[in-house]
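Q: Just so it is clear, I am handing over input05.pdb, which has PDB, C-alpha atoms (C1' of nucleotides).
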```
MODEL        1
ATOM      1  CA  MET A1194     116.450 -61.226-119.424
ATOM      2  CA  PRO A1195     114.464 -64.266-119.831
ATOM      3  CA  GLU A1196     114.943 -67.874-120.601
ATOM      4  CA  LEU A1197     113.983 -70.524-118.125
ATOM      5  CA  PRO A1198     117.132 -70.244-115.960
ATOM      6  CA  GLU A1199     116.828 -66.467-115.699
ATOM      7  CA  VAL A1200     113.143 -66.680-114.824
ATOM      8  CA  GLU A1201     113.904 -69.320-112.210
ATOM      9  CA  THR A1202     116.640 -67.089-110.801
ATOM     10  CA  VAL A1203     114.185 -64.211-110.609
ATOM     11  CA  ARG A1204     111.701 -66.491-108.871
ATOM     12  CA  LEU A1205     114.294 -67.545-106.316
ATOM     13  CA  GLY A1206     115.123 -63.901-105.641
ATOM     14  CA  LEU A1207     111.531 -62.746-105.287
ATOM     15  CA  ALA A1208     110.128 -65.675-103.319
ATOM     16  CA  PRO A1209     111.627 -64.748 -99.920
ATOM     17  CA  VAL A1210     110.017 -61.303 -99.981
ATOM     18  CA  MET A1211     106.800 -62.116-101.838
ATOM     19  CA  GLU A1212     105.622 -65.419-100.424
ATOM     20  CA  GLY A1213     103.284 -64.777 -97.521
ATOM     21  CA  ALA A1214     103.233 -61.036 -98.147
ATOM     22  CA  VAL A1215     100.098 -59.007 -98.756
ATOM     23  CA  ILE A1216      99.904 -56.564-101.647
ATOM     24  CA  ASP A1217      98.960 -53.273-100.000
ATOM     25  CA  GLU A1218      99.014 -51.382-103.253
ATOM     26  CA  ALA A1219      99.610 -52.167-106.895
ATOM     27  CA  THR A1220     100.532 -49.205-109.082
ATOM     28  CA  LEU A1221     100.367 -49.280-112.880
ATOM     29  CA  ARG A1222     102.344 -46.466-114.436
ATOM     30  CA  ARG A1223     100.970 -47.056-117.941
ATOM     31  CA  PRO A1224      97.904 -48.906-119.290
ATOM     32  CA  ASP A1225      99.696 -51.805-120.916
ATOM     33  CA  LEU A1226     102.870 -53.754-121.486
ATOM     34  CA  ARG A1227     102.722 -55.931-124.563
ATOM     35  CA  TRP A1228      98.973 -56.158-123.962
ATOM     36  CA  PRO A1229      96.621 -54.117-121.835
ATOM     37  CA  PHE A1230      96.498 -55.114-118.183
ATOM     38  CA  PRO A1231      93.342 -57.080-117.326
ATOM     39  CA  GLN A1232      90.220 -55.301-116.156
ATOM     40  CA  ARG A1233      90.514 -53.654-112.728
ATOM     41  CA  PHE A1234      93.973 -55.173-112.426
ATOM     42  CA  ALA A1235      95.304 -53.045-109.573
ATOM     43  CA  LYS A1236      92.076 -53.332-107.628
ATOM     44  CA  ARG A1237      91.991 -57.121-107.943
ATOM     45  CA  LEU A1238      95.522 -57.338-106.562
ATOM     46  CA  THR A1239      95.013 -54.992-103.638
ATOM     47  CA  GLY A1240      94.718 -56.777-100.311
ATOM     48  CA  ARG A1241      95.624 -60.185-101.750
ATOM     49  CA  ARG A1242      98.120 -62.379 -99.987
ATOM     50  CA  ILE A1243     100.702 -64.099-102.197
ATOM     51  CA  VAL A1244     100.534 -67.744-101.181
ATOM     52  CA  ALA A1245     103.399 -69.019-103.325
ATOM     53  CA  LEU A1246     105.580 -67.901-106.205
ATOM     54  CA  GLY A1247     105.960 -70.535-108.896
ATOM     55  CA  ARG A1248     107.098 -70.850-112.483
ATOM     56  CA  ARG A1249     105.928 -72.555-115.659
ATOM     57  CA  ALA A1250     108.433 -72.376-118.523
ATOM     58  CA  LYS A1251     109.299 -68.661-118.779
ATOM     59  CA  TYR A1252     106.230 -67.502-116.843
ATOM     60  CA  LEU A1253     106.242 -66.466-113.179
ATOM     61  CA  LEU A1254     103.095 -67.451-111.293
ATOM     62  CA  ALA A1255     102.074 -65.707-108.091
ATOM     63  CA  ASP A1256      99.397 -67.777-106.388
ATOM     64  CA  LEU A1257      96.946 -65.429-104.666
ATOM     65  CA  ASP A1258      94.722 -66.211-101.702
ATOM     66  CA  ASP A1259      91.495 -65.662-103.654
ATOM     67  CA  GLY A1260      92.116 -68.435-106.183
ATOM     68  CA  GLU A1261      93.559 -66.207-108.879
ATOM     69  CA  ILE A1262      97.057 -66.435-110.267
ATOM     70  CA  LEU A1263      99.093 -63.399-111.218
ATOM     71  CA  VAL A1264     100.841 -64.466-114.423
ATOM     72  CA  MET A1265     103.972 -62.533-115.351
ATOM     73  CA  HIS A1266     106.312 -62.735-118.336
ATOM     74  CA  LEU A1267     109.569 -60.796-118.673
ATOM     75  CA  GLY A1268     109.573 -60.607-122.471
ATOM     76  CA  MET A1269     113.002 -59.661-123.802
ATOM     77  CA  SER A1270     113.955 -56.900-121.406
ATOM     78  CA  GLY A1271     111.819 -57.254-118.284
ATOM     79  CA  SER A1272     113.381 -57.303-114.831
ATOM     80  CA  PHE A1273     112.338 -56.960-111.230
ATOM     81  CA  ARG A1274     114.086 -55.152-108.444
ATOM     82  CA  ILE A1275     113.419 -55.186-104.736
ATOM     83  CA  GLU A1276     113.567 -52.187-102.449
ATOM     84  CA  ALA A1277     112.846 -52.049 -98.752
ATOM     85  CA  ASP A1278     111.434 -49.259 -96.610
ATOM     86  CA  GLY A1279     114.477 -47.462 -95.277
ATOM     87  CA  GLY A1280     116.781 -50.280 -96.327
ATOM     88  CA  GLN A1281     116.398 -53.634 -94.624
ATOM     89  CA  LYS A1282     117.914 -56.997 -94.140
ATOM     90  CA  ILE A1283     115.412 -59.743 -94.895
ATOM     91  CA  ALA A1284     116.248 -63.426 -94.658
ATOM     92  CA  GLY A1285     119.939 -62.570 -94.479
ATOM     93  CA  ARG A1286     119.953 -60.286 -97.494
ATOM     94  CA  TYR A1287     120.172 -56.512 -97.580
ATOM     95  CA  TYR A1288     117.854 -54.532 -99.841
ATOM     96  CA  HIS A1289     118.407 -50.954-100.884
ATOM     97  CA  PRO A1290     116.018 -48.297 -99.611
ATOM     98  CA  ARG A1291     113.358 -46.896-101.902
ATOM     99  CA  SER A1292     114.559 -44.782-104.771
ATOM    100  CA  THR A1293     112.753 -42.653-107.283
ATOM    101  CA  LEU A1294     111.009 -44.559-110.034
ATOM    102  CA  GLY A1295     112.601 -44.464-113.466
ATOM    103  CA  ALA A1296     111.414 -44.246-117.028
ATOM    104  CA  HIS A1297     110.569 -47.908-117.596
ATOM    105  CA  ASP A1298     109.357 -48.806-114.126
ATOM    106  CA  HIS A1299     105.877 -49.862-115.244
ATOM    107  CA  VAL A1300     104.446 -51.786-112.283
ATOM    108  CA  VAL A1301     105.021 -51.346-108.558
ATOM    109  CA  PHE A1302     103.885 -53.741-105.834
ATOM    110  CA  ASP A1303     103.987 -52.292-102.327
ATOM    111  CA  LEU A1304     103.891 -55.146 -99.865
ATOM    112  CA  SER A1305     102.675 -55.140 -96.271
ATOM    113  CA  SER A1306     106.201 -55.895 -95.099
ATOM    114  CA  GLY A1307     107.439 -52.550 -96.366
ATOM    115  CA  VAL A1308     109.079 -54.205 -99.350
ATOM    116  CA  ARG A1309     108.548 -52.718-102.777
ATOM    117  CA  VAL A1310     108.827 -54.880-105.903
ATOM    118  CA  ILE A1311     109.256 -52.967-109.158
ATOM    119  CA  PHE A1312     108.841 -54.341-112.670
ATOM    120  CA  ASN A1313     110.955 -52.567-115.275
ATOM    121  CA  ASP A1314     110.719 -53.344-118.983
ATOM    122  CA  PRO A1315     112.165 -50.944-121.596
ATOM    123  CA  ARG A1316     110.959 -52.847-124.638
ATOM    124  CA  ARG A1317     107.607 -53.736-123.125
ATOM    125  CA  PHE A1318     107.457 -57.253-124.560
ATOM    126  CA  GLY A1319     106.578 -58.471-121.076
ATOM    127  CA  MET A1320     103.068 -59.063-119.869
ATOM    128  CA  MET A1321     100.966 -59.465-116.735
ATOM    129  CA  ASP A1322      97.595 -61.141-116.462
ATOM    130  CA  LEU A1323      95.240 -62.621-113.899
ATOM    131  CA  VAL A1324      93.748 -66.063-114.463
ATOM    132  CA  SER A1325      91.779 -68.267-112.142
ATOM    133  CA  ARG A1326      93.684 -71.241-110.830
ATOM    134  CA  ARG A1327      91.199 -73.793-112.179
ATOM    135  CA  GLU A1328      91.299 -72.329-115.661
ATOM    136  CA  MET A1329      95.015 -71.753-115.827
ATOM    137  CA  GLU A1330      95.869 -74.780-117.945
ATOM    138  CA  ASP A1331      93.206 -73.742-120.442
ATOM    139  CA  SER A1332      94.095 -70.055-120.457
ATOM    140  CA  ARG A1333      95.546 -68.580-123.611
ATOM    141  CA  HIS A1334      99.054 -68.447-122.187
ATOM    142  CA  PHE A1335      99.276 -72.093-121.203
ATOM    143  CA  LYS A1336      96.940 -73.982-123.511
ATOM    144  CA  GLY A1337      99.034 -76.227-125.753
ATOM    145  CA  MET A1338     102.257 -75.375-123.955
ATOM    146  CA  GLY A1339     104.979 -77.994-124.216
ATOM    147  CA  ILE A1340     106.632 -80.056-121.526
ATOM    148  CA  GLU A1341     108.677 -78.589-118.699
ATOM    149  CA  PRO A1342     112.302 -79.373-119.563
ATOM    150  CA  LEU A1343     113.351 -79.853-115.936
ATOM    151  CA  GLY A1344     110.363 -82.077-115.192
ATOM    152  CA  ASN A1345     110.135 -85.840-115.405
ATOM    153  CA  GLU A1346     108.669 -85.758-118.911
ATOM    154  CA  LEU A1347     111.906 -84.826-120.632
ATOM    155  CA  SER A1348     113.702 -87.896-121.970
ATOM    156  CA  GLY A1349     115.191 -89.219-125.181
ATOM    157  CA  GLU A1350     111.956 -91.052-125.892
ATOM    158  CA  THR A1351     109.864 -87.925-125.372
ATOM    159  CA  ILE A1352     112.069 -85.849-127.626
ATOM    160  CA  ALA A1353     112.008 -88.512-130.317
ATOM    161  CA  ALA A1354     108.215 -88.571-130.137
ATOM    162  CA  LEU A1355     107.908 -84.774-130.136
ATOM    163  CA  PHE A1356     110.215 -84.363-133.139
ATOM    164  CA  LYS A1357     109.059 -87.364-135.150
ATOM    165  CA  GLY A1358     108.215 -86.557-138.762
ATOM    166  CA  ARG A1359     109.277 -82.920-138.454
ATOM    167  CA  SER A1360     111.404 -81.493-141.228
ATOM    168  CA  ALA A1361     112.120 -78.182-139.515
ATOM    169  CA  PRO A1362     115.677 -77.668-138.278
ATOM    170  CA  LEU A1363     116.516 -78.824-134.777
ATOM    171  CA  LYS A1364     117.104 -75.240-133.661
ATOM    172  CA  ALA A1365     113.563 -74.221-134.607
ATOM    173  CA  MET A1366     112.114 -77.203-132.763
ATOM    174  CA  LEU A1367     113.988 -76.298-129.595
ATOM    175  CA  LEU A1368     112.556 -72.785-129.741
ATOM    176  CA  ASP A1369     109.014 -74.114-130.268
ATOM    177  CA  GLN A1370     107.350 -73.623-126.890
ATOM    178  CA  LYS A1371     104.529 -75.964-127.865
ATOM    179  CA  ARG A1372     106.909 -78.925-127.711
ATOM    180  CA  ILE A1373     109.422 -78.099-124.970
ATOM    181  CA  ALA A1374     108.683 -74.888-123.068
ATOM    182  CA  GLY A1375     111.340 -72.663-121.556
ATOM    183  CA  ILE A1376     114.314 -72.950-123.891
ATOM    184  CA  GLY A1377     115.306 -69.755-125.701
ATOM    185  CA  ASN A1378     118.005 -68.708-128.105
ATOM    186  CA  ILE A1379     120.976 -68.997-125.756
ATOM    187  CA  TYR A1380     120.211 -72.370-124.249
ATOM    188  CA  ALA A1381     119.098 -73.851-127.567
ATOM    189  CA  CYS A1382     122.557 -73.043-128.938
ATOM    190  CA  GLU A1383     124.332 -74.286-125.824
ATOM    191  CA  ALA A1384     122.315 -77.509-125.625
ATOM    192  CA  MET A1385     122.982 -78.360-129.291
ATOM    193  CA  TRP A1386     126.683 -77.810-128.745
ATOM    194  CA  ARG A1387     126.705 -80.016-125.648
ATOM    195  CA  ALA A1388     124.827 -82.719-127.537
ATOM    196  CA  LYS A1389     127.155 -82.336-130.565
ATOM    197  CA  LEU A1390     124.193 -81.776-132.843
ATOM    198  CA  ARG A1391     124.061 -79.608-135.946
ATOM    199  CA  PRO A1392     121.431 -76.814-135.680
ATOM    200  CA  THR A1393     120.244 -77.451-139.237
ATOM    201  CA  LEU A1394     119.580 -81.139-138.636
ATOM    202  CA  PRO A1395     115.984 -81.946-139.633
ATOM    203  CA  ALA A1396     114.460 -82.547-136.218
ATOM    204  CA  GLY A1397     112.705 -85.726-137.308
ATOM    205  CA  GLN A1398     116.054 -87.403-137.829
ATOM    206  CA  LEU A1399     116.481 -87.470-134.055
ATOM    207  CA  ALA A1400     113.554 -89.864-133.933
ATOM    208  CA  THR A1401     115.115 -92.498-136.131
ATOM    209  CA  GLY A1402     116.603 -95.677-134.704
ATOM    210  CA  ARG A1403     115.223 -98.857-133.237
ATOM    211  CA  THR A1404     115.837 -98.378-129.544
ATOM    212  CA  THR A1405     115.994 -95.006-127.828
ATOM    213  CA  PRO A1406     117.723 -92.886-130.429
ATOM    214  CA  ALA A1407     121.128 -91.983-129.062
ATOM    215  CA  ARG A1408     121.061 -88.457-130.370
ATOM    216  CA  ALA A1409     117.687 -87.712-128.787
ATOM    217  CA  GLN A1410     119.002 -89.043-125.504
ATOM    218  CA  ARG A1411     122.103 -86.847-125.743
ATOM    219  CA  LEU A1412     119.920 -83.848-126.436
ATOM    220  CA  ALA A1413     117.661 -84.538-123.457
ATOM    221  CA  ASP A1414     120.681 -84.808-121.176
ATOM    222  CA  ALA A1415     122.248 -81.670-122.662
ATOM    223  CA  ILE A1416     119.079 -79.626-122.171
ATOM    224  CA  ARG A1417     118.659 -80.685-118.580
ATOM    225  CA  ASP A1418     122.333 -80.173-117.767
ATOM    226  CA  VAL A1419     122.714 -76.764-119.344
ATOM    227  CA  LEU A1420     119.557 -75.426-117.701
ATOM    228  CA  ASN A1421     120.601 -76.756-114.294
ATOM    229  CA  ASP A1422     124.127 -75.405-114.678
ATOM    230  CA  ALA A1423     122.747 -71.998-115.633
ATOM    231  CA  ILE A1424     120.365 -71.889-112.677
ATOM    232  CA  ALA A1425     123.229 -72.840-110.365
ATOM    233  CA  ALA A1426     125.196 -69.884-111.764
ATOM    234  CA  GLY A1427     122.312 -67.483-111.197
ATOM    235  CA  GLY A1428     121.384 -67.337-114.869
ATOM    236  CA  SER A1429     123.073 -65.297-117.581
ATOM    237  CA  SER A1430     123.489 -61.520-117.361
ATOM    238  CA  LEU A1431     123.707 -59.987-120.809
ATOM    239  CA  ARG A1432     123.870 -56.231-121.276
ATOM    240  CA  ASP A1433     124.256 -55.849-117.512
ATOM    241  CA  HIS A1434     120.851 -57.235-116.651
ATOM    242  CA  ARG A1435     120.392 -58.088-113.003
ATOM    243  CA  GLN A1436     118.661 -60.671-110.899
ATOM    244  CA  ALA A1437     115.772 -59.447-108.720
ATOM    245  CA  THR A1438     118.245 -59.296-105.838
ATOM    246  CA  GLY A1439     120.462 -56.935-107.802
ATOM    247  CA  GLU A1440     123.185 -59.504-108.362
ATOM    248  CA  LEU A1441     124.633 -60.387-111.741
ATOM    249  CA  GLY A1442     124.182 -63.890-113.145
ATOM    250  CA  MET A1443     127.415 -65.650-114.011
ATOM    251  CA  PHE A1444     126.540 -68.259-116.610
ATOM    252  CA  GLN A1445     127.478 -66.009-119.562
ATOM    253  CA  HIS A1446     131.094 -66.780-118.672
ATOM    254  CA  SER A1447     130.351 -70.455-119.281
ATOM    255  CA  PHE A1448     128.907 -70.074-122.776
ATOM    256  CA  ALA A1449     130.573 -72.477-125.177
ATOM    257  CA  VAL A1450     129.194 -70.945-128.363
ATOM    258  CA  TYR A1451     126.604 -68.216-127.725
ATOM    259  CA  ASP A1452     127.917 -64.828-128.901
ATOM    260  CA  ARG A1453     131.351 -66.379-129.441
ATOM    261  CA  GLU A1454     131.632 -66.155-133.219
ATOM    262  CA  GLY A1455     135.254 -66.491-134.327
ATOM    263  CA  GLU A1456     136.460 -68.005-131.069
ATOM    264  CA  PRO A1457     137.888 -71.513-130.928
ATOM    265  CA  CYS A1458     135.506 -74.309-130.043
ATOM    266  CA  PRO A1459     136.069 -75.037-126.336
ATOM    267  CA  ARG A1460     135.651 -78.791-126.735
ATOM    268  CA  PRO A1461     138.936 -80.550-125.952
ATOM    269  CA  HIS A1462     140.836 -81.537-129.106
ATOM    270  CA  CYS A1463     138.247 -79.899-131.391
ATOM    271  CA  LYS A1464     139.908 -77.519-133.877
ATOM    272  CA  GLY A1465     136.670 -75.841-134.919
ATOM    273  CA  VAL A1466     135.944 -72.121-134.882
ATOM    274  CA  ILE A1467     132.527 -70.924-133.694
ATOM    275  CA  ARG A1468     130.292 -69.656-136.465
ATOM    276  CA  ARG A1469     127.114 -67.585-136.528
ATOM    277  CA  MET A1470     124.197 -68.209-138.852
ATOM    278  CA  VAL A1471     120.585 -66.982-138.943
ATOM    279  CA  GLN A1472     117.708 -69.451-138.520
ATOM    280  CA  SER A1473     114.098 -68.310-138.419
ATOM    281  CA  GLY A1474     115.287 -64.777-137.910
ATOM    282  CA  ARG A1475     117.560 -65.450-134.943
ATOM    283  CA  SER A1476     121.287 -65.928-134.528
ATOM    284  CA  THR A1477     122.516 -69.473-134.111
ATOM    285  CA  PHE A1478     126.037 -70.016-132.800
ATOM    286  CA  TYR A1479     127.631 -73.401-133.372
ATOM    287  CA  CYS A1480     130.809 -75.321-134.046
ATOM    288  CA  PRO A1481     130.828 -76.605-137.636
ATOM    289  CA  VAL A1482     133.380 -79.303-136.758
ATOM    290  CA  CYS A1483     132.022 -81.180-133.740
ATOM    291  CA  GLN A1484     128.291 -80.581-134.188
ATOM    292  CA  ARG A1485     126.967 -83.040-136.784
TER     293      ARG A1485
ATOM    294  C1'  DA B 835      99.373 -78.241-141.046
ATOM    295  C1'  DA B 836     103.835 -76.644-140.937
ATOM    296  C1'  DG B 837     107.268 -73.436-141.465
ATOM    297  C1'  DC B 838     108.813 -68.935-142.376
ATOM    298  C1'  DG B 839     109.198 -63.858-141.915
ATOM    299  C1'  DA B 840     107.409 -59.695-139.967
ATOM    300  C1'  DA B 841     105.754 -57.173-136.238
ATOM    301  C1'  DC B 842     105.728 -55.445-131.612
ATOM    302  C1'  DC B 843     109.323 -51.730-128.724
ATOM    303  C1'  DT B 844     113.570 -49.354-126.879
ATOM    304  C1'  DG B 845     118.444 -48.932-126.269
ATOM    305  C1'  DG B 846     123.230 -49.940-127.129
ATOM    306  C1'  DC B 847     126.862 -50.573-130.141
ATOM    307  C1'  DT B 848     129.394 -50.135-134.752
ATOM    308  C1'  DG B 849     130.896 -47.876-138.545
ATOM    309  C1'  DC B 850     130.871 -44.091-141.695
TER     310       DC B 850
ATOM    311  C1'  DT C 283     130.028 -35.568-132.599
ATOM    312  C1'  DG C 284     126.083 -37.194-135.266
ATOM    313  C1'  DC C 285     123.464 -40.323-137.357
ATOM    314  C1'  DA C 286     122.064 -44.459-139.830
ATOM    315  C1'  DG C 287     121.927 -49.211-139.466
ATOM    316  C1'  DC C 288     122.034 -53.392-137.077
ATOM    317  C1'  DC C 289     121.336 -56.248-133.205
ATOM    318  C1'  DA C 290     119.179 -57.979-128.818
ATOM    319  C1'  DG C 291     117.505 -63.371-123.906
ATOM    320  C1'  DG C 292     110.286 -63.637-126.724
ATOM    321  C1'  DT C 293     105.846 -64.325-128.552
ATOM    322  C1'  DT C 294     102.161 -63.792-131.873
ATOM    323  C1'  DC C 295     100.231 -62.993-136.286
ATOM    324  C1'  DG C 296      99.731 -63.614-141.085
ATOM    325  C1'  DC C 297     101.253 -65.410-145.324
ATOM    326  C1'  DT C 298     102.735 -69.294-148.259
TER     327       DT C 298
ENDMDL
END
```
Produce structure tokens that represent the structure in this file.

A:
Amino acid sequence: MPELPEVETVRLGLAPVMEGAVIDEATLRRPDLRWPFPQRFAKRLTGRRIVALGRRAKYLLADLDDGEILVMHLGMSGSFRIEADGGQKIAGRYYHPRSTLGAHDHVVFDLSSGVRVIFNDPRRFGMMDLVSRREMEDSRHFKGMGIEPLGNELSGETIAALFKGRSAPLKAMLLDQKRIAGIGNIYACEAMWRAKLRPTLPAGQLATGRTTPARAQRLADAIRDVLNDAIAAGGSSLRDHRQATGELGMFQHSFAVYDREGEPCPRPHCKGVIRRMVQSGRSTFYCPVCQR
DNA sequence: AAGCGAACCTGGCTGC
DNA sequence: TGCAGCCAGGTTCGCT
């Protein structure tokens, strides 16, 4: 379940039980996810205290007390769930007692607090890796990664600079993690709708104009707003996916265009009907009337 | 270099 | 009911 808002929601759910906890035991129930686990993975995690749980784009980062970072990606279908020894209330929240592990429960972290964190990923496009903190920026996952859309770098000027001279469609540019990192198919569609921009627009055209190009500014605002709104709603729960706490995200009810082909455009006074097209192999949902 | 499409997997839904 | 076909929130690889 993973674009930036869903990963941030997962982080917020896991942080109260993981931060400060020691990993008593890490269990790998298969040798790989998308890629093999790193050498001696379970052993290197055992006994480590999790200092902090952070996020970069769609990656979760567990800062360990030996200077390594546990890097985790949810892929398309990854999720975490939390169980507590005998059922427990922690920081005001109740967690279900331990249950039997299921078919796609690939990684289990047993924490010193009695909490168990389970990573489940049917399609196995997720990944876990260990990188040293000092080499993280240069590691293969993060080298060349684009700006953080909720950070200070995102602005109309930045977008204009990032897209300048590019002929690829706007939609493709938004999905390019080497420019802006963390936006996926849903929020690309939603941001373009909010900014009233056509998905096929050659991205470089956002960079034209003497002062700050108005369209680039609208897009920057739309990206920031839609991501913040989604985080506030606990992310989007498609196909019944859950947050780490077991709750459902709610932002799918606020989609303007995503998966709404044939429905009326929700913009006031717009008479458009949402359409679906395919761009670089993925569905794009948009309003042909108000997105230009 | 940039921009596509395919590949990696499994499961759920649709339509015949 | 059964089965084929299509689709899915991501990333990487390989080909023009």

Q: Do you know which residues lie at most 9 Å from (103.5, -62.0, -127.1), with coordinates as in the file and all atoms listed in the file counted, and could you write them as a list in words?

A: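 Residues found, by chain and rising number: Arg1227, Trp1228, Gly1268, Phe1318, Gly1319 and Met1320 of chain A; DC842 of chain B; DG292, DT293 and DT294 of chain C.
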
Q: Write out as a count of residues only every residue belonging to chain A that has an atom at most 10 Å from any atom of chain C, counting only C-alpha atoms (C1' of nucleotides).

A: 26

Q: Extract, using only C-alpha atoms (C1' of nucleotides), all DNA, RNA and protein residues at most 8 Å from A:His1299, discarding same-chain residues fewer than 3 positions from it, and format them as an NGL selection string.

A: :A and (1221-1223 or 1226 or 1311-1314)

Q: May I have the residues of chain B within 8 Å of chain A, counting only C-alpha atoms (C1' of nucleotides), written as a list in words?

A: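 That gives the following set of residues: DG837, DC838, DG839, DC842, DC843 and DT844 of chain B.
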
Q: Taking (125.0, -80.4, -122.7) as a centre in this file's frame and 7 Å as the limit, can you find every polymer residue with an atom that close, using all atoms listed in the file, and give them as an mmCIF file with C-alpha atoms, in the coordinates of the input?

A:
```
data_model
loop_
_atom_site.group_PDB
_atom_site.id
_atom_site.type_symbol
_atom_site.label_atom_id
_atom_site.label_comp_id
_atom_site.auth_asym_id
_atom_site.auth_seq_id
_atom_site.Cartn_x
_atom_site.Cartn_y
_atom_site.Cartn_z
ATOM 1 C CA GLU A 1383 124.332 -74.286 -125.824
ATOM 2 C CA ALA A 1384 122.315 -77.509 -125.625
ATOM 3 C CA TRP A 1386 126.683 -77.810 -128.745
ATOM 4 C CA ARG A 1387 126.705 -80.016 -125.648
ATOM 5 C CA ALA A 1388 124.827 -82.719 -127.537
ATOM 6 C CA ASP A 1414 120.681 -84.808 -121.176
ATOM 7 C CA ALA A 1415 122.248 -81.670 -122.662
ATOM 8 C CA ILE A 1416 119.079 -79.626 -122.171
ATOM 9 C CA ASP A 1418 122.333 -80.173 -117.767
ATOM 10 C CA VAL A 1419 122.714 -76.764 -119.344
#
```

Q: Around all listed atoms of stretch 285-298 of chain C, padded 8 Å per side, what centre and edge lengths does the axis-aligned box have in Å to one decimal, as JSON?

A:
```
{"center_x": 111.6, "center_y": -54.8, "center_z": -136.1, "size_x": 39.7, "size_y": 45.0, "size_z": 40.4}
```

Q: Specify as a VMD selection string each residue included when the PyMOL selection byres ((chain A and resi 1264) around 9) is applied to this file.

A: chain A and resid 1252 to 1256 1262 to 1263 1265 to 1266 1320 to 1324 1334

Q: Atom CA of A:Ala1374 and atom CA of A:Gly1271, how far apart in Å?

A: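 Interatomic distance, atom CA of A:Gly1271 to atom CA of A:Ala1374: 18.5 Å.
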
Q: Would you write out, as a count of residues only, every residue that the PyMOL selection byres ((chain A and resi 1437) around 9) captures in this file?

A: 16

Q: Could you expand the PyMOL selection byres ((chain A and resi 1450-1455) around 8) into the explicit residues it covers here, written as a ChimeraX atom specification?

A: /A:1379,1382-1383,1386,1448-1449,1456-1458,1466-1469,1477-1480

Q: Got a sec: who's within 10 Å of A:Ala1354, counting all atoms listed in the file, leaving out chain neighbours fewer than 3 positions off, as a list in words?

A: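 The neighbour list is Ser1348, Gly1349, Glu1350, Thr1351, Lys1357, Gly1358, Gly1397, Leu1399, Ala1400, Thr1401 and Ala1409 of chain A.
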
Q: Please compute the atom CA of A:Ala1423-atom CA of A:Leu1246 distance, one decimal, in Å.

A: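 Taking atom CA of A:Ala1423 and atom CA of A:Leu1246, their separation equals 20.0 Å.
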
Q: Reconstruct N, CA and C atoms of stretch 1424-1436 of chain A from the incomplete input and present them as an mmCIF file, in the coordinates of the input.

A:
```cif
data_model
loop_
_atom_site.group_PDB
_atom_site.id
_atom_site.type_symbol
_atom_site.label_atom_id
_atom_site.label_comp_id
_atom_site.auth_asym_id
_atom_site.auth_seq_id
_atom_site.Cartn_x
_atom_site.Cartn_y
_atom_site.Cartn_z
ATOM 1 N N ILE A 1424 121.070 -72.281 -113.906
ATOM 2 C CA ILE A 1424 120.365 -71.889 -112.677
ATOM 3 C C ILE A 1424 121.349 -71.823 -111.515
ATOM 4 N N ALA A 1425 122.242 -72.811 -111.451
ATOM 5 C CA ALA A 1425 123.229 -72.840 -110.365
ATOM 6 C C ALA A 1425 124.141 -71.621 -110.410
ATOM 7 N N ALA A 1426 124.334 -71.059 -111.615
ATOM 8 C CA ALA A 1426 125.196 -69.884 -111.764
ATOM 9 C C ALA A 1426 124.410 -68.582 -111.642
ATOM 10 N N GLY A 1427 123.128 -68.691 -111.315
ATOM 11 C CA GLY A 1427 122.312 -67.483 -111.197
ATOM 12 C C GLY A 1427 121.871 -66.926 -112.532
ATOM 13 N N GLY A 1428 121.810 -67.776 -113.546
ATOM 14 C CA GLY A 1428 121.384 -67.337 -114.869
ATOM 15 C C GLY A 1428 122.488 -66.607 -115.611
ATOM 16 N N SER A 1429 122.130 -66.052 -116.768
ATOM 17 C CA SER A 1429 123.073 -65.297 -117.581
ATOM 18 C C SER A 1429 122.715 -63.823 -117.526
ATOM 19 N N SER A 1430 123.713 -62.971 -117.350
ATOM 20 C CA SER A 1430 123.489 -61.520 -117.361
ATOM 21 C C SER A 1430 124.085 -60.927 -118.617
ATOM 22 N N LEU A 1431 123.257 -60.685 -119.614
ATOM 23 C CA LEU A 1431 123.707 -59.987 -120.809
ATOM 24 C C LEU A 1431 123.367 -58.517 -120.663
ATOM 25 N N ARG A 1432 124.143 -57.669 -121.312
ATOM 26 C CA ARG A 1432 123.870 -56.231 -121.276
ATOM 27 C C ARG A 1432 123.591 -55.754 -119.865
ATOM 28 N N ASP A 1433 124.312 -56.333 -118.888
ATOM 29 C CA ASP A 1433 124.256 -55.849 -117.512
ATOM 30 C C ASP A 1433 122.916 -56.064 -116.802
ATOM 31 N N HIS A 1434 122.102 -56.943 -117.341
ATOM 32 C CA HIS A 1434 120.851 -57.235 -116.651
ATOM 33 C C HIS A 1434 121.119 -57.854 -115.294
ATOM 34 N N ARG A 1435 120.193 -57.660 -114.383
ATOM 35 C CA ARG A 1435 120.392 -58.088 -113.003
ATOM 36 C C ARG A 1435 119.318 -59.095 -112.594
ATOM 37 N N GLN A 1436 119.668 -59.864 -111.556
ATOM 38 C CA GLN A 1436 118.661 -60.671 -110.899
ATOM 39 C C GLN A 1436 117.778 -59.749 -110.064
#
```
